[in-house]
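Trainee: So that you have it, the file is upload-v8.cif, and it contains mmCIF, C-alpha atoms:
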data_protein
#
loop_
_atom_site.group_PDB
_atom_site.id
_atom_site.type_symbol
_atom_site.label_atom_id
_atom_site.label_comp_id
_atom_site.auth_asym_id
_atom_site.auth_seq_id
_atom_site.Cartn_x
_atom_site.Cartn_y
_atom_site.Cartn_z
ATOM 1 C CA MET A 1 -12.715 3.875 -25.375
ATOM 2 C CA LEU A 2 -9.917 3.760 -22.826
ATOM 3 C CA HIS A 3 -8.811 0.260 -23.692
ATOM 4 C CA GLU A 4 -8.229 1.065 -27.354
ATOM 5 C CA GLN A 5 -5.593 3.719 -26.748
ATOM 6 C CA LYS A 6 -2.047 2.984 -27.891
ATOM 7 C CA ILE A 7 0.738 3.189 -25.350
ATOM 8 C CA VAL A 8 4.232 4.265 -26.348
ATOM 9 C CA LEU A 9 7.250 3.356 -24.242
ATOM 10 C CA ASN A 10 10.961 3.967 -24.595
ATOM 11 C CA PRO A 11 13.477 1.476 -23.159
ATOM 12 C CA ILE A 12 15.367 2.600 -20.049
ATOM 13 C CA GLY A 13 18.323 0.453 -21.093
ATOM 14 C CA TYR A 14 19.159 -2.980 -22.386
ATOM 15 C CA VAL A 15 20.420 -6.414 -21.350
ATOM 16 C CA LYS A 16 24.048 -7.416 -21.817
ATOM 17 C CA THR A 17 24.902 -11.096 -21.652
ATOM 18 C CA ASP A 18 27.189 -13.640 -23.317
ATOM 19 C CA ALA A 19 24.542 -16.347 -22.960
ATOM 20 C CA ALA A 20 22.645 -17.487 -26.039
ATOM 21 C CA GLY A 21 19.679 -19.765 -26.732
ATOM 22 C CA ASP A 22 18.530 -21.886 -23.814
ATOM 23 C CA GLU A 23 21.468 -20.718 -21.695
ATOM 24 C CA VAL A 24 19.460 -17.626 -20.745
ATOM 25 C CA ARG A 25 17.038 -19.845 -18.819
ATOM 26 C CA ASP A 26 19.738 -20.901 -16.364
ATOM 27 C CA LYS A 27 18.678 -19.469 -12.981
ATOM 28 C CA GLU A 28 22.360 -19.091 -12.061
ATOM 29 C CA LEU A 29 23.147 -16.979 -15.121
ATOM 30 C CA ILE A 30 24.766 -13.651 -14.364
ATOM 31 C CA SER A 31 23.987 -10.821 -16.742
ATOM 32 C CA HIS A 32 23.975 -7.050 -16.862
ATOM 33 C CA ILE A 33 21.422 -4.319 -17.267
ATOM 34 C CA VAL A 34 22.941 -1.229 -18.845
ATOM 35 C CA VAL A 35 20.731 1.731 -17.976
ATOM 36 C CA ARG A 36 20.748 4.804 -20.218
ATOM 37 C CA ASP A 37 23.306 7.315 -18.938
ATOM 38 C CA GLU A 38 20.770 10.092 -18.504
ATOM 39 C CA LEU A 39 18.694 7.904 -16.139
ATOM 40 C CA ILE A 40 21.525 7.082 -13.722
ATOM 41 C CA ASP A 41 19.988 9.151 -10.895
ATOM 42 C CA GLY A 42 17.009 6.792 -10.977
ATOM 43 C CA LEU A 43 19.240 4.015 -9.611
ATOM 44 C CA SER A 44 20.098 5.918 -6.452
ATOM 45 C CA GLY A 45 19.562 3.672 -3.410
ATOM 46 C CA ILE A 46 18.879 0.536 -5.443
ATOM 47 C CA SER A 47 21.832 -1.368 -3.987
ATOM 48 C CA GLU A 48 19.999 -1.589 -0.641
ATOM 49 C CA TYR A 49 17.711 -4.234 -2.116
ATOM 50 C CA SER A 50 18.656 -7.871 -2.608
ATOM 51 C CA HIS A 51 16.151 -8.553 -5.390
ATOM 52 C CA LEU A 52 14.535 -6.691 -8.260
ATOM 53 C CA PHE A 53 11.776 -7.151 -10.779
ATOM 54 C CA VAL A 54 12.960 -6.607 -14.333
ATOM 55 C CA LEU A 55 10.374 -5.762 -16.982
ATOM 56 C CA PHE A 56 11.665 -6.181 -20.487
ATOM 57 C CA TYR A 57 10.354 -6.060 -24.018
ATOM 58 C CA LEU A 58 10.425 -9.382 -25.868
ATOM 59 C CA ASN A 59 11.590 -7.786 -29.105
ATOM 60 C CA GLN A 60 12.007 -11.089 -30.940
ATOM 61 C CA ILE A 61 8.231 -11.662 -30.865
ATOM 62 C CA THR A 62 6.619 -10.802 -34.199
ATOM 63 C CA ASP A 63 3.223 -9.171 -34.696
ATOM 64 C CA ASP A 64 1.893 -12.548 -35.889
ATOM 65 C CA GLN A 65 2.949 -14.160 -32.629
ATOM 66 C CA ARG A 66 1.161 -11.492 -30.610
ATOM 67 C CA VAL A 67 -2.214 -12.873 -31.701
ATOM 68 C CA THR A 68 -1.544 -16.338 -30.267
ATOM 69 C CA LEU A 69 -4.018 -16.944 -27.421
ATOM 70 C CA ARG A 70 -3.351 -20.540 -26.359
ATOM 71 C CA VAL A 71 -0.142 -22.519 -26.127
ATOM 72 C CA HIS A 72 1.107 -25.851 -24.873
ATOM 73 C CA PRO A 73 3.479 -24.933 -21.997
ATOM 74 C CA ARG A 74 7.099 -25.203 -23.224
ATOM 75 C CA GLY A 75 5.697 -26.449 -26.558
ATOM 76 C CA ARG A 76 4.999 -29.811 -24.942
ATOM 77 C CA MET A 77 2.095 -31.487 -26.717
ATOM 78 C CA ASP A 78 1.537 -33.811 -23.729
ATOM 79 C CA LEU A 79 0.584 -30.792 -21.611
ATOM 80 C CA PRO A 80 -2.809 -29.082 -21.915
ATOM 81 C CA LEU A 81 -3.482 -26.133 -24.204
ATOM 82 C CA ILE A 82 -3.430 -23.105 -21.893
ATOM 83 C CA GLY A 83 -4.350 -19.440 -22.348
ATOM 84 C CA VAL A 84 -1.332 -17.162 -22.740
ATOM 85 C CA PHE A 85 -2.321 -15.192 -19.615
ATOM 86 C CA ALA A 86 -2.065 -18.440 -17.610
ATOM 87 C CA VAL A 87 1.518 -19.252 -18.710
ATOM 88 C CA ARG A 88 4.774 -17.299 -18.589
ATOM 89 C CA THR A 89 5.198 -17.756 -22.344
ATOM 90 C CA MET A 90 6.819 -15.069 -24.500
ATOM 91 C CA LEU A 91 3.824 -15.310 -26.831
ATOM 92 C CA ARG A 92 1.386 -12.711 -25.537
ATOM 93 C CA PRO A 93 -0.521 -9.710 -26.888
ATOM 94 C CA ASN A 94 1.897 -7.328 -25.141
ATOM 95 C CA PRO A 95 5.238 -9.142 -25.153
ATOM 96 C CA ILE A 96 6.562 -7.936 -21.814
ATOM 97 C CA GLY A 97 8.822 -10.252 -19.843
ATOM 98 C CA LEU A 98 8.869 -10.140 -16.040
ATOM 99 C CA THR A 99 11.559 -11.818 -13.970
ATOM 100 C CA VAL A 100 12.656 -11.644 -10.347
ATOM 101 C CA VAL A 101 16.443 -11.353 -10.204
ATOM 102 C CA GLU A 102 19.038 -11.156 -7.471
ATOM 103 C CA LEU A 103 20.946 -7.876 -7.494
ATOM 104 C CA LEU A 104 24.647 -8.620 -7.135
ATOM 105 C CA ARG A 105 26.296 -5.288 -7.849
ATOM 106 C CA VAL A 106 25.748 -1.735 -9.020
ATOM 107 C CA ASP A 107 28.534 0.045 -10.924
ATOM 108 C CA GLY A 108 27.399 3.431 -12.195
ATOM 109 C CA ASN A 109 24.666 2.737 -14.737
ATOM 110 C CA VAL A 110 25.263 -1.019 -14.843
ATOM 111 C CA LEU A 111 23.377 -3.518 -12.681
ATOM 112 C CA THR A 112 24.818 -7.013 -12.367
ATOM 113 C CA VAL A 113 22.040 -9.498 -11.724
ATOM 114 C CA LYS A 114 21.510 -13.241 -11.349
ATOM 115 C CA GLY A 115 18.682 -15.146 -13.006
ATOM 116 C CA LEU A 116 17.567 -12.818 -15.785
ATOM 117 C CA ASP A 117 16.183 -14.938 -18.647
ATOM 118 C CA ALA A 118 16.566 -12.313 -21.360
ATOM 119 C CA PHE A 119 18.731 -12.308 -24.474
ATOM 120 C CA ASP A 120 21.586 -9.928 -25.196
ATOM 121 C CA GLY A 121 20.271 -6.581 -26.432
ATOM 122 C CA THR A 122 16.777 -7.015 -24.971
ATOM 123 C CA PRO A 123 15.237 -3.588 -24.253
ATOM 124 C CA VAL A 124 14.508 -3.082 -20.557
ATOM 125 C CA LEU A 125 11.279 -1.236 -19.757
ATOM 126 C CA ASP A 126 11.519 -0.895 -15.994
ATOM 127 C CA VAL A 127 13.324 -2.051 -12.895
ATOM 128 C CA LYS A 128 11.436 -2.192 -9.606
ATOM 129 C CA PRO A 129 12.480 -3.283 -6.130
ATOM 130 C CA TYR A 130 11.137 -6.596 -4.847
ATOM 131 C CA ASP A 131 9.796 -6.166 -1.328
ATOM 132 C CA ASN A 132 8.028 -8.155 1.378
ATOM 133 C CA TRP A 133 4.621 -7.508 -0.177
ATOM 134 C CA ASP A 134 5.691 -9.503 -3.223
ATOM 135 C CA ILE A 135 6.159 -12.687 -1.223
ATOM 136 C CA VAL A 136 3.091 -14.917 -1.343
ATOM 137 C CA GLU A 137 3.053 -17.628 1.293
ATOM 138 C CA ASN A 138 0.565 -20.103 -0.075
ATOM 139 C CA VAL A 139 0.673 -20.250 -3.838
ATOM 140 C CA LYS A 140 -1.572 -22.503 -5.879
ATOM 141 C CA VAL A 141 -0.363 -23.483 -9.348
ATOM 142 C CA PRO A 142 -1.774 -25.979 -11.895
ATOM 143 C CA SER A 143 -0.778 -29.660 -11.857
ATOM 144 C CA TRP A 144 1.004 -29.356 -15.243
ATOM 145 C CA TRP A 145 3.239 -26.687 -13.697
ATOM 146 C CA LEU A 146 4.184 -28.975 -10.812
ATOM 147 C CA LYS A 147 4.814 -31.831 -13.243
ATOM 148 C CA LEU A 148 7.268 -29.722 -15.286
ATOM 149 C CA GLN A 149 8.977 -28.641 -12.086
ATOM 150 C CA GLU A 150 9.345 -32.207 -10.874
ATOM 151 C CA GLU A 151 10.936 -33.245 -14.172
ATOM 152 C CA LYS A 152 13.383 -30.374 -13.902
ATOM 153 C CA GLN A 153 14.406 -31.400 -10.374
ATOM 154 C CA LYS A 154 15.055 -34.986 -11.549
ATOM 155 C CA LYS A 155 17.419 -33.748 -14.243
ATOM 156 C CA LEU A 156 19.584 -31.844 -11.742
ATOM 157 C CA MET T 1 20.517 1.595 -31.401
ATOM 158 C CA LEU T 2 18.254 -0.990 -29.834
ATOM 159 C CA HIS T 3 17.518 1.013 -26.715
ATOM 160 C CA GLU T 4 16.259 3.995 -28.662
ATOM 161 C CA GLN T 5 13.436 2.147 -30.386
ATOM 162 C CA LYS T 6 9.878 3.058 -29.460
ATOM 163 C CA ILE T 7 7.597 0.324 -28.218
ATOM 164 C CA VAL T 8 3.883 0.386 -28.892
ATOM 165 C CA LEU T 9 1.442 -1.556 -26.741
ATOM 166 C CA ASN T 10 -2.307 -1.942 -26.736
ATOM 167 C CA PRO T 11 -4.192 -2.617 -23.480
ATOM 168 C CA ILE T 12 -5.587 -6.131 -23.048
ATOM 169 C CA GLY T 13 -8.389 -4.720 -20.898
ATOM 170 C CA TYR T 14 -9.029 -2.326 -18.058
ATOM 171 C CA VAL T 15 -9.635 -2.109 -14.311
ATOM 172 C CA LYS T 16 -13.120 -1.762 -12.892
ATOM 173 C CA THR T 17 -13.460 -0.602 -9.304
ATOM 174 C CA ASP T 18 -15.665 1.595 -7.145
ATOM 175 C CA ALA T 19 -12.687 2.659 -5.035
ATOM 176 C CA ALA T 20 -11.246 6.133 -5.449
ATOM 177 C CA GLY T 21 -8.203 8.017 -4.155
ATOM 178 C CA ASP T 22 -6.270 6.301 -1.390
ATOM 179 C CA GLU T 23 -8.897 3.551 -1.150
ATOM 180 C CA VAL T 24 -7.145 1.748 -4.024
ATOM 181 C CA ARG T 25 -4.143 1.147 -1.761
ATOM 182 C CA ASP T 26 -6.173 -1.031 0.585
ATOM 183 C CA LYS T 27 -4.712 -4.551 0.292
ATOM 184 C CA GLU T 28 -8.185 -5.983 0.963
ATOM 185 C CA LEU T 29 -9.794 -4.107 -1.911
ATOM 186 C CA ILE T 30 -11.644 -6.266 -4.384
ATOM 187 C CA SER T 31 -11.690 -5.086 -7.964
ATOM 188 C CA HIS T 32 -12.178 -6.423 -11.466
ATOM 189 C CA ILE T 33 -10.109 -6.771 -14.581
ATOM 190 C CA VAL T 34 -12.271 -6.710 -17.697
ATOM 191 C CA VAL T 35 -10.324 -8.358 -20.503
ATOM 192 C CA ARG T 36 -11.157 -7.496 -24.123
ATOM 193 C CA ASP T 37 -13.719 -9.947 -25.493
ATOM 194 C CA GLU T 38 -11.512 -11.099 -28.357
ATOM 195 C CA LEU T 39 -8.777 -12.159 -25.890
ATOM 196 C CA ILE T 40 -10.971 -14.407 -23.741
ATOM 197 C CA ASP T 41 -9.211 -17.599 -24.918
ATOM 198 C CA GLY T 42 -6.032 -16.229 -23.362
ATOM 199 C CA LEU T 43 -7.608 -16.704 -19.906
ATOM 200 C CA SER T 44 -8.080 -20.432 -20.344
ATOM 201 C CA GLY T 45 -6.701 -22.283 -17.312
ATOM 202 C CA ILE T 46 -6.023 -19.139 -15.302
ATOM 203 C CA SER T 47 -8.398 -20.115 -12.473
ATOM 204 C CA GLU T 48 -5.953 -22.849 -11.430
ATOM 205 C CA TYR T 49 -3.674 -20.207 -9.962
ATOM 206 C CA SER T 50 -4.224 -18.490 -6.635
ATOM 207 C CA HIS T 51 -2.210 -15.354 -7.456
ATOM 208 C CA LEU T 52 -1.410 -13.244 -10.496
ATOM 209 C CA PHE T 53 0.861 -10.411 -11.491
ATOM 210 C CA VAL T 54 -1.025 -7.524 -13.030
ATOM 211 C CA LEU T 55 0.905 -5.105 -15.237
ATOM 212 C CA PHE T 56 -0.963 -1.897 -15.869
ATOM 213 C CA TYR T 57 -0.362 1.457 -17.478
ATOM 214 C CA LEU T 58 -0.362 4.417 -15.081
ATOM 215 C CA ASN T 59 -2.296 6.615 -17.479
ATOM 216 C CA GLN T 60 -2.635 9.494 -15.020
ATOM 217 C CA ILE T 61 1.131 10.137 -15.195
ATOM 218 C CA THR T 62 1.972 13.051 -17.474
ATOM 219 C CA ASP T 63 4.992 13.303 -19.788
ATOM 220 C CA ASP T 64 6.489 15.844 -17.371
ATOM 221 C CA GLN T 65 6.258 13.359 -14.524
ATOM 222 C CA ARG T 66 8.041 10.714 -16.575
ATOM 223 C CA VAL T 67 11.305 12.654 -16.342
ATOM 224 C CA THR T 68 11.352 12.599 -12.508
ATOM 225 C CA LEU T 69 14.371 10.530 -11.415
ATOM 226 C CA ARG T 70 14.385 10.869 -7.624
ATOM 227 C CA VAL T 71 11.546 10.995 -5.120
ATOM 228 C CA HIS T 72 10.979 10.969 -1.388
ATOM 229 C CA PRO T 73 9.096 7.688 -0.752
ATOM 230 C CA ARG T 74 5.379 8.443 -0.275
ATOM 231 C CA GLY T 75 6.271 12.150 -0.571
ATOM 232 C CA ARG T 76 7.673 12.043 2.960
ATOM 233 C CA MET T 77 10.386 14.667 3.311
ATOM 234 C CA ASP T 78 11.779 12.903 6.389
ATOM 235 C CA LEU T 79 12.722 9.934 4.210
ATOM 236 C CA PRO T 80 15.757 9.988 1.901
ATOM 237 C CA LEU T 81 15.612 11.040 -1.746
ATOM 238 C CA ILE T 82 15.619 7.769 -3.681
ATOM 239 C CA GLY T 83 15.956 6.900 -7.358
ATOM 240 C CA VAL T 84 12.653 6.011 -9.022
ATOM 241 C CA PHE T 85 13.958 2.522 -9.901
ATOM 242 C CA ALA T 86 14.489 1.893 -6.173
ATOM 243 C CA VAL T 87 10.899 2.746 -5.154
ATOM 244 C CA ARG T 88 7.504 1.488 -6.273
ATOM 245 C CA THR T 89 6.447 5.045 -7.126
ATOM 246 C CA MET T 90 4.126 5.789 -10.048
ATOM 247 C CA LEU T 91 6.635 8.398 -11.227
ATOM 248 C CA ARG T 92 8.916 6.521 -13.597
ATOM 249 C CA PRO T 93 10.149 6.847 -17.197
ATOM 250 C CA ASN T 94 7.833 4.028 -18.310
ATOM 251 C CA PRO T 95 4.797 4.329 -16.017
ATOM 252 C CA ILE T 96 3.988 0.643 -15.681
ATOM 253 C CA GLY T 97 2.443 -0.565 -12.431
ATOM 254 C CA LEU T 98 3.093 -4.089 -11.167
ATOM 255 C CA THR T 99 1.063 -5.689 -8.392
ATOM 256 C CA VAL T 100 0.642 -9.198 -7.052
ATOM 257 C CA VAL T 101 -3.057 -9.916 -6.563
ATOM 258 C CA GLU T 102 -5.087 -12.816 -5.287
ATOM 259 C CA LEU T 103 -7.361 -14.291 -7.946
ATOM 260 C CA LEU T 104 -10.800 -14.796 -6.431
ATOM 261 C CA ARG T 105 -12.974 -15.628 -9.425
ATOM 262 C CA VAL T 106 -13.097 -15.855 -13.211
ATOM 263 C CA ASP T 107 -16.403 -15.136 -14.984
ATOM 264 C CA GLY T 108 -15.968 -15.139 -18.749
ATOM 265 C CA ASN T 109 -13.696 -12.208 -19.542
ATOM 266 C CA VAL T 110 -13.820 -10.741 -16.020
ATOM 267 C CA LEU T 111 -11.249 -11.525 -13.326
ATOM 268 C CA THR T 112 -12.163 -10.659 -9.738
ATOM 269 C CA VAL T 113 -9.016 -9.933 -7.755
ATOM 270 C CA LYS T 114 -7.955 -8.787 -4.294
ATOM 271 C CA GLY T 115 -5.259 -6.187 -3.666
ATOM 272 C CA LEU T 116 -5.007 -4.399 -7.002
ATOM 273 C CA ASP T 117 -3.913 -0.805 -6.357
ATOM 274 C CA ALA T 118 -5.147 0.642 -9.645
ATOM 275 C CA PHE T 119 -7.828 3.218 -10.355
ATOM 276 C CA ASP T 120 -11.026 2.611 -12.266
ATOM 277 C CA GLY T 121 -10.400 2.625 -16.013
ATOM 278 C CA THR T 122 -6.668 1.890 -15.746
ATOM 279 C CA PRO T 123 -5.471 0.124 -18.915
ATOM 280 C CA VAL T 124 -4.141 -3.379 -18.181
ATOM 281 C CA LEU T 125 -1.084 -4.413 -20.204
ATOM 282 C CA ASP T 126 -0.651 -8.009 -19.131
ATOM 283 C CA VAL T 127 -1.683 -10.626 -16.617
ATOM 284 C CA LYS T 128 0.781 -13.350 -15.675
ATOM 285 C CA PRO T 129 0.545 -16.239 -13.238
ATOM 286 C CA TYR T 130 2.530 -15.985 -9.997
ATOM 287 C CA ASP T 131 4.432 -19.209 -9.394
ATOM 288 C CA ASN T 132 6.905 -20.701 -6.930
ATOM 289 C CA TRP T 133 9.871 -19.091 -8.719
ATOM 290 C CA ASP T 134 8.498 -15.676 -7.770
ATOM 291 C CA ILE T 135 8.811 -16.338 -4.055
ATOM 292 C CA VAL T 136 12.062 -14.993 -2.624
ATOM 293 C CA GLU T 137 12.931 -16.375 0.777
ATOM 294 C CA ASN T 138 15.422 -13.854 2.107
ATOM 295 C CA VAL T 139 14.624 -10.371 0.921
ATOM 296 C CA LYS T 140 16.713 -7.356 1.840
ATOM 297 C CA VAL T 141 15.011 -3.962 1.723
ATOM 298 C CA PRO T 142 16.220 -0.483 2.831
ATOM 299 C CA SER T 143 15.721 0.744 6.376
ATOM 300 C CA TRP T 144 13.315 3.505 5.246
ATOM 301 C CA TRP T 145 11.090 0.784 3.769
ATOM 302 C CA LEU T 146 11.000 -1.105 7.079
ATOM 303 C CA LYS T 147 10.288 2.145 8.936
ATOM 304 C CA LEU T 148 7.247 2.889 6.724
ATOM 305 C CA GLN T 149 6.054 -0.678 7.200
ATOM 306 C CA GLU T 150 6.369 -0.458 10.958
ATOM 307 C CA GLU T 151 4.329 2.755 11.044
ATOM 308 C CA LYS T 152 1.634 1.093 8.955
ATOM 309 C CA GLN T 153 1.424 -1.860 11.338
ATOM 310 C CA LYS T 154 1.033 0.475 14.325
ATOM 311 C CA LYS T 155 -1.937 2.175 12.666
ATOM 312 C CA LEU T 156 -3.802 -1.128 12.208
#
Write out the structure in this file as structure tokens.

Mentor:
Amino acid sequence: MLHEQKIVLNPIGYVKTDAAGDEVRDKELISHIVVRDELIDGLSGISEYSHLFVLFYLNQITDDQRVTLRVHPRGRMDLPLIGVFAVRTMLRPNPIGLTVVELLRVDGNVLTVKGLDAFDGTPVLDVKPYDNWDIVENVKVPSWWLKLQEEKQKKL
Amino acid sequence: MLHEQKIVLNPIGYVKTDAAGDEVRDKELISHIVVRDELIDGLSGISEYSHLFVLFYLNQITDDQRVTLRVHPRGRMDLPLIGVFAVRTMLRPNPIGLTVVELLRVDGNVLTVKGLDAFDGTPVLDVKPYDNWDIVENVKVPSWWLKLQEEKQKKL
């Protein structure tokens, strides 16, 4: 059966950052993606984009955590129990992180980006350009999401 | 070294569509994501979102194609040779596809979505909600991208 095949990937590089713990969730955080030397030609032309998608492997997630199917968003017990495919939690069957970042600079095999919520040493699986097709005009999100957002705004 | 580790993933489900060939690139195409039965709890609450990211494994890409580092966008020789990380080509070291889709319906373990450019039987790696943080207001893309877009508009 197609959906039982195993898929093997090899990182294209890794994340370099001084940030630790919750600091990586700061949307203003500047970090680096160090791409493997032999893949440098794959970056050709990337500086013409303002934003990128970064796909990374959440290597701190254990096999036990990969079987979690419902979570309280941000671990908040006052919020409903939600399926892992309906939250951007790290706990998921295939622990792949996906973040839109701003591309600030390209120096050889190093991308300097803003807003990447990944820890130092995180393996990067792919980098893709963000383009106009990725912009959704009218997005609907759950009420718990809006509530969390509102709380965050109040703190600023 | 961290970035030399191999990563093993297992599909969470697969794509079901009647479309073939270039038909899958139709943004109006409606297709299905059939999630593995045992993961159904992971979909809880997903219908509250209007849009999702779908991450899928481009299983038609051969090992030989994974070493390609530069391509002409859409195979068009009149467009510049661009690094694979600067184009949404299927040819990339880790052949993962990423598409924003509109979520139309959830029936048990089946998601009905609009705009998924994946072939029938494609293994799905992850489904994530699209939220307000994924909307970028001022996107910069290369001139060749805008040229392709303009040609597409003229054809409609």

Trainee: With distances taken over all atoms listed in the file, which residue among A:Val106, A:Leu146, A:Val101, A:Val87 lies nearest Phe53 in chain T?

Mentor: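 Closest residue, counting all atoms listed in the file: A:Val87.
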
Trainee: Expand the PyMOL selection byres ((chain T) within 7 of (chain A)) into the individual residues it matches in the shown file, reporting them as a ChimeraX atom specification.

Mentor: /T:2-11,13-14,39,41-46,48-51,69-70,82-88,94,100,121,123,125-129,131-132,134-136,139-142

Trainee: Can you tell me how far CA of Leu103 in chain T sits from CA of Gly115 in chain T, in Å to one decimal?

Mentor: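 For CA of Leu103 in chain T relative to CA of Gly115 in chain T, the distance reads 9.4 Å.
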
Trainee: What is the CA of Glu28 in chain A-CA of Leu104 in chain A distance in Å, reported with one decimal?

Mentor: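 Distance reported for this atom pair: 11.8 Å.
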
Trainee: May I ask for the distance between CA of Phe56 in chain A and CA of Ala20 in chain A, given in Å to one decimal place?

Mentor: 16.7 Å

Trainee: Name the residues that the PyMOL selection byres ((chain T and resi 117) around 6) picks from the file above, as a compact mmCIF listing (two decimals) with C-alpha atoms, in the coordinates of the input, using the file's chain letters and numbers.

Mentor:
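Output (out22.txt):
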# COMPACT_ATOMS: atom_id res chain seq x y z
CA VAL T 24 -7.14 1.75 -4.02
CA ARG T 25 -4.14 1.15 -1.76
CA LEU T 116 -5.01 -4.40 -7.00
CA ALA T 118 -5.15 0.64 -9.64

Trainee: Provide an axis-aligned box for all listed atoms of range 78-95 of chain T, padding each side by 8 Å; report its centre and its edge lengths in Å to one decimal, as AutoDock Vina command-line options.

Mentor:
--center_x 10.0 --center_y 7.2 --center_z -6.0 --size_x 27.8 --size_y 27.4 --size_z 40.7

Trainee: Counting all atoms listed in the file, figure out which residue out of T:Arg76, T:Val54, T:Leu91, T:Thr17 gets nearest to Leu148 in chain T.

Mentor: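 Nearest candidate to Leu148 in chain T out of T:Arg76, T:Val54, T:Leu91, T:Thr17: T:Arg76.
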
Trainee: Kindly indicate which residue among A:Asp78, A:Asp64, A:Glu151, A:Asp120 lies nearest to Gly21 in chain A, using only C-alpha atoms for the distances.

Mentor: A:Asp120
